[in-house]
Amino acid sequence: MSNIERNVNAGTSALFPSAIQVSSEPHTITSAPSLPAIQWNGELNAVTSPLFPAAIRGSSELNVGTSAPFPPALRRSGESNAVASAPFPPAIQGSRELMSFVDGWCDAISPANVYEGACAVCARATPVKELHTVDMSSIDLSILCRPGEGITRKERMRPSDPVSELEGPILYESGRQGKYIYVCVPCLESLRKRQLPKSALANGMWIGDAPECLRQLTFMERIVIALERHNCFVVKVTMGQYKMNANAVIFGQPVRKVYERLPPPRADIADCVAMLFVGPCKPTSQEYKRTPFIVRRRAIIRALEWLILNHPDYEHIRIAYDLLDEYPEDEPPVCVVYRYGNEDLPAESQPSYGGRDNEGISEDECTFSVQGLSEDAYIGM
């Protein structure tokens, strides 16, 4: 081990907890105690210490002290370029620097950096600047062809239509434009190596586009047509004089239930959904229709008919028209508990910007949010 030279790689600090100084003798280090001695200077609630991280010295006022910055600036002995702690946030040095900040912000939120597009191979939303436009004739897409494996399925419109797969490479149509496709960097690198991308639709990830009859279903209608029941829901609807807002908390139930006839009995829905309505007056049918908890019988039939034709898990399902008549169309199919209140927070409890006035809307369907609660978290509550 080489000798330790004086003033080499050694720091001295008057405020560091354990000031270390290197002497001129080899392998010799002198150090102050790790816990500095605290000395009273005769003032109330004030201490002075030459080695404490932030030496607090009392002034003539009670409980008032002056403190050195923490952590203290470390200086190399014998060097002139001392490192000093800079203030935060740093001061702007003139209008030129201010304009550079503004230009950087405008560039960060420009459409080229914000807009997203779909990758034709994996269908993931990707920033447009990270998508590559690739000519389909310039790259080998045969690895995306999976005939006979049952990954894709053509949409059937009637029971007499045969069950068949899509032809050619499995691509997301929204990421395709003529003979060109938009591909993200990870998928493009895998294709160039003649490897199947991990997130590719051809890797068993294809589910197809959701038809209009499924996209227009309300939250309650999606619960009604679910093949398997494994969640419970607690729903709260808050209404003021004009605005309405709704939210739901979902948590798993230990016993799952699978149906062979849909929709299920109305009593089964009431067992897994609890609904609370808070407002200045009891809700009417018009106010119920603004919530996502109404069941439309015709929408249920259209959705089940499409699923029976195109979803392999629904092939054995029978539509229970007799049970569907149990569901009203002007109110939720579950018991609604009403509680009087306007849910307004006191003025001192509201945030400086916004508050309850920014929640909900006064027309059309109310805003709706869903929070999930895992089974482990629910058991531990």
# chains A, B, ... in the order shown; residues from 1 in each chain; ligands from 1

$ residues_around --residues "Arg297 of chain A" --least-positions-apart "2" --cutoff "10 Å" --atoms "only C-alpha atoms" --output "list of chain:residue names"
A:Glu221, A:Pro263, A:Ile294, A:Val295, A:Ala299, A:Ile300, A:Ile301, A:Arg302, A:Tyr321, A:Leu324, A:Asp325, A:Glu326, A:Tyr327, A:Pro328, A:Glu329

$ write_last_selection --atoms "N, CA, C and O atoms" --output "PDB file, in the first residue's frame"
ATOM      1  N   GLU A 221     -74.264  -3.326 -18.152  1.00  0.00           N
ATOM      2  CA  GLU A 221     -74.524  -4.304 -19.209  1.00  0.00           C
ATOM      3  C   GLU A 221     -73.336  -5.248 -19.404  1.00  0.00           C
ATOM      4  O   GLU A 221     -73.517  -6.429 -19.701  1.00  0.00           O
ATOM      5  N   PRO A 263     -78.754 -13.540 -19.887  1.00  0.00           N
ATOM      6  CA  PRO A 263     -78.210 -12.971 -18.648  1.00  0.00           C
ATOM      7  C   PRO A 263     -78.552 -13.803 -17.424  1.00  0.00           C
ATOM      8  O   PRO A 263     -79.487 -14.595 -17.466  1.00  0.00           O
ATOM      9  N   ILE A 294     -77.628   1.366 -16.164  1.00  0.00           N
ATOM     10  CA  ILE A 294     -78.902   0.988 -16.768  1.00  0.00           C
ATOM     11  C   ILE A 294     -78.672  -0.194 -17.714  1.00  0.00           C
ATOM     12  O   ILE A 294     -77.643  -0.262 -18.400  1.00  0.00           O
ATOM     13  N   VAL A 295     -79.611  -1.114 -17.768  1.00  0.00           N
ATOM     14  CA  VAL A 295     -79.541  -2.284 -18.642  1.00  0.00           C
ATOM     15  C   VAL A 295     -80.585  -2.134 -19.745  1.00  0.00           C
ATOM     16  O   VAL A 295     -81.783  -2.006 -19.466  1.00  0.00           O
ATOM     17  N   ALA A 299     -79.791  -4.124 -26.280  1.00  0.00           N
ATOM     18  CA  ALA A 299     -78.331  -4.107 -26.350  1.00  0.00           C
ATOM     19  C   ALA A 299     -77.754  -5.415 -25.816  1.00  0.00           C
ATOM     20  O   ALA A 299     -76.746  -5.922 -26.347  1.00  0.00           O
ATOM     21  N   ILE A 300     -78.372  -5.999 -24.801  1.00  0.00           N
ATOM     22  CA  ILE A 300     -77.910  -7.280 -24.262  1.00  0.00           C
ATOM     23  C   ILE A 300     -78.075  -8.384 -25.303  1.00  0.00           C
ATOM     24  O   ILE A 300     -77.170  -9.215 -25.508  1.00  0.00           O
ATOM     25  N   ILE A 301     -79.201  -8.401 -25.988  1.00  0.00           N
ATOM     26  CA  ILE A 301     -79.446  -9.448 -26.988  1.00  0.00           C
ATOM     27  C   ILE A 301     -78.452  -9.340 -28.138  1.00  0.00           C
ATOM     28  O   ILE A 301     -77.881 -10.353 -28.585  1.00  0.00           O
ATOM     29  N   ARG A 302     -78.210  -8.136 -28.654  1.00  0.00           N
ATOM     30  CA  ARG A 302     -77.268  -7.960 -29.767  1.00  0.00           C
ATOM     31  C   ARG A 302     -75.863  -8.393 -29.365  1.00  0.00           C
ATOM     32  O   ARG A 302     -75.161  -9.045 -30.143  1.00  0.00           O
ATOM     33  N   TYR A 321     -84.181 -15.479 -22.400  1.00  0.00           N
ATOM     34  CA  TYR A 321     -85.115 -14.383 -22.641  1.00  0.00           C
ATOM     35  C   TYR A 321     -86.053 -14.188 -21.458  1.00  0.00           C
ATOM     36  O   TYR A 321     -86.480 -13.057 -21.178  1.00  0.00           O
ATOM     37  N   LEU A 324     -84.227 -12.176 -18.911  1.00  0.00           N
ATOM     38  CA  LEU A 324     -83.982 -10.808 -19.377  1.00  0.00           C
ATOM     39  C   LEU A 324     -85.160  -9.902 -19.073  1.00  0.00           C
ATOM     40  O   LEU A 324     -84.977  -8.692 -18.837  1.00  0.00           O
ATOM     41  N   ASP A 325     -86.374 -10.454 -19.034  1.00  0.00           N
ATOM     42  CA  ASP A 325     -87.552  -9.634 -18.726  1.00  0.00           C
ATOM     43  C   ASP A 325     -87.554  -9.136 -17.291  1.00  0.00           C
ATOM     44  O   ASP A 325     -88.316  -8.213 -16.960  1.00  0.00           O
ATOM     45  N   GLU A 326     -86.720  -9.706 -16.427  1.00  0.00           N
ATOM     46  CA  GLU A 326     -86.663  -9.252 -15.041  1.00  0.00           C
ATOM     47  C   GLU A 326     -85.931  -7.923 -14.894  1.00  0.00           C
ATOM     48  O   GLU A 326     -86.067  -7.255 -13.866  1.00  0.00           O
ATOM     49  N   TYR A 327     -85.165  -7.547 -15.888  1.00  0.00           N
ATOM     50  CA  TYR A 327     -84.338  -6.344 -15.783  1.00  0.00           C
ATOM     51  C   TYR A 327     -85.127  -5.119 -16.238  1.00  0.00           C
ATOM     52  O   TYR A 327     -85.587  -5.052 -17.386  1.00  0.00           O
ATOM     53  N   PRO A 328     -85.294  -4.120 -15.365  1.00  0.00           N
ATOM     54  CA  PRO A 328     -85.961  -2.875 -15.786  1.00  0.00           C
ATOM     55  C   PRO A 328     -85.036  -2.034 -16.651  1.00  0.00           C
ATOM     56  O   PRO A 328     -83.796  -2.163 -16.579  1.00  0.00           O
ATOM     57  N   GLU A 329     -85.599  -1.170 -17.456  1.00  0.00           N
ATOM     58  CA  GLU A 329     -84.806  -0.325 -18.351  1.00  0.00           C
ATOM     59  C   GLU A 329     -84.752   1.129 -17.905  1.00  0.00           C
ATOM     60  O   GLU A 329     -84.035   1.919 -18.526  1.00  0.00           O
TER      61      GLU A 329
END

$ select_by_dssp --residues "segment 107-299 of chain A" --states "strand (DSSP E or B)" --output "PyMOL selection string"
chain A and resi 116-118+125-127+132-135+176-177+180-183+228-239+244-258+261-262+273-279

$ write_last_selection --atoms "C-alpha atoms" --output "compact mmCIF listing (two decimals), in the first residue's frame"
# COMPACT_ATOMS: atom_id res chain seq x y z
CA GLU A 116 -49.06 8.23 -30.79
CA GLY A 117 -49.72 5.62 -33.42
CA ALA A 118 -50.29 1.87 -33.47
CA ALA A 125 -49.60 2.66 -28.82
CA THR A 126 -46.18 4.10 -29.65
CA PRO A 127 -45.00 7.70 -30.12
CA HIS A 132 -40.77 3.26 -38.71
CA THR A 133 -42.59 3.22 -42.03
CA VAL A 134 -41.72 -0.08 -43.69
CA ASP A 135 -42.55 -1.29 -47.17
CA ARG A 176 -51.31 -0.46 -42.00
CA GLN A 177 -51.65 1.96 -44.90
CA TYR A 180 -46.73 0.26 -45.94
CA ILE A 181 -46.90 -0.66 -42.26
CA TYR A 182 -45.84 1.23 -39.14
CA VAL A 183 -43.55 -0.83 -36.92
CA GLU A 228 -67.77 -15.74 -15.32
CA ARG A 229 -68.55 -13.88 -12.12
CA HIS A 230 -65.44 -13.29 -9.99
CA ASN A 231 -65.74 -9.65 -8.81
CA CYS A 232 -67.95 -7.61 -6.50
CA PHE A 233 -68.68 -3.91 -6.92
CA VAL A 234 -69.48 -1.03 -4.58
CA VAL A 235 -70.89 1.91 -6.53
CA LYS A 236 -71.46 5.47 -5.38
CA VAL A 237 -73.28 8.17 -7.34
CA THR A 238 -72.99 11.75 -6.13
CA MET A 239 -75.33 14.44 -7.44
CA MET A 244 -73.40 14.23 -11.28
CA ASN A 245 -70.41 12.00 -10.69
CA ALA A 246 -70.07 8.22 -10.17
CA ASN A 247 -67.30 5.87 -9.09
CA ALA A 248 -66.99 2.17 -8.31
CA VAL A 249 -64.61 0.03 -6.27
CA ILE A 250 -64.01 -3.52 -7.51
CA PHE A 251 -62.68 -6.35 -5.36
CA GLY A 252 -62.39 -10.05 -6.01
CA GLN A 253 -64.62 -12.67 -4.44
CA PRO A 254 -63.22 -16.05 -3.35
CA VAL A 255 -65.87 -18.23 -5.09
CA ARG A 256 -66.26 -17.85 -8.84
CA LYS A 257 -69.41 -18.66 -10.75
CA VAL A 258 -69.70 -19.68 -14.41
CA ARG A 261 -77.48 -19.14 -19.64
CA LEU A 262 -77.18 -15.38 -19.94
CA VAL A 273 -73.33 -4.99 -6.84
CA ALA A 274 -74.11 -2.50 -4.07
CA MET A 275 -75.16 1.03 -5.05
CA LEU A 276 -75.31 4.22 -2.97
CA PHE A 277 -76.89 7.43 -4.27
CA VAL A 278 -76.08 10.71 -2.50
CA GLY A 279 -77.88 13.90 -3.40

$ closest_residue --among "A:Asp330, A:Tyr259, A:Ala320, A:Arg96" --to "Ser285 of chain A" --atoms "only C-alpha atoms"
A:Asp330
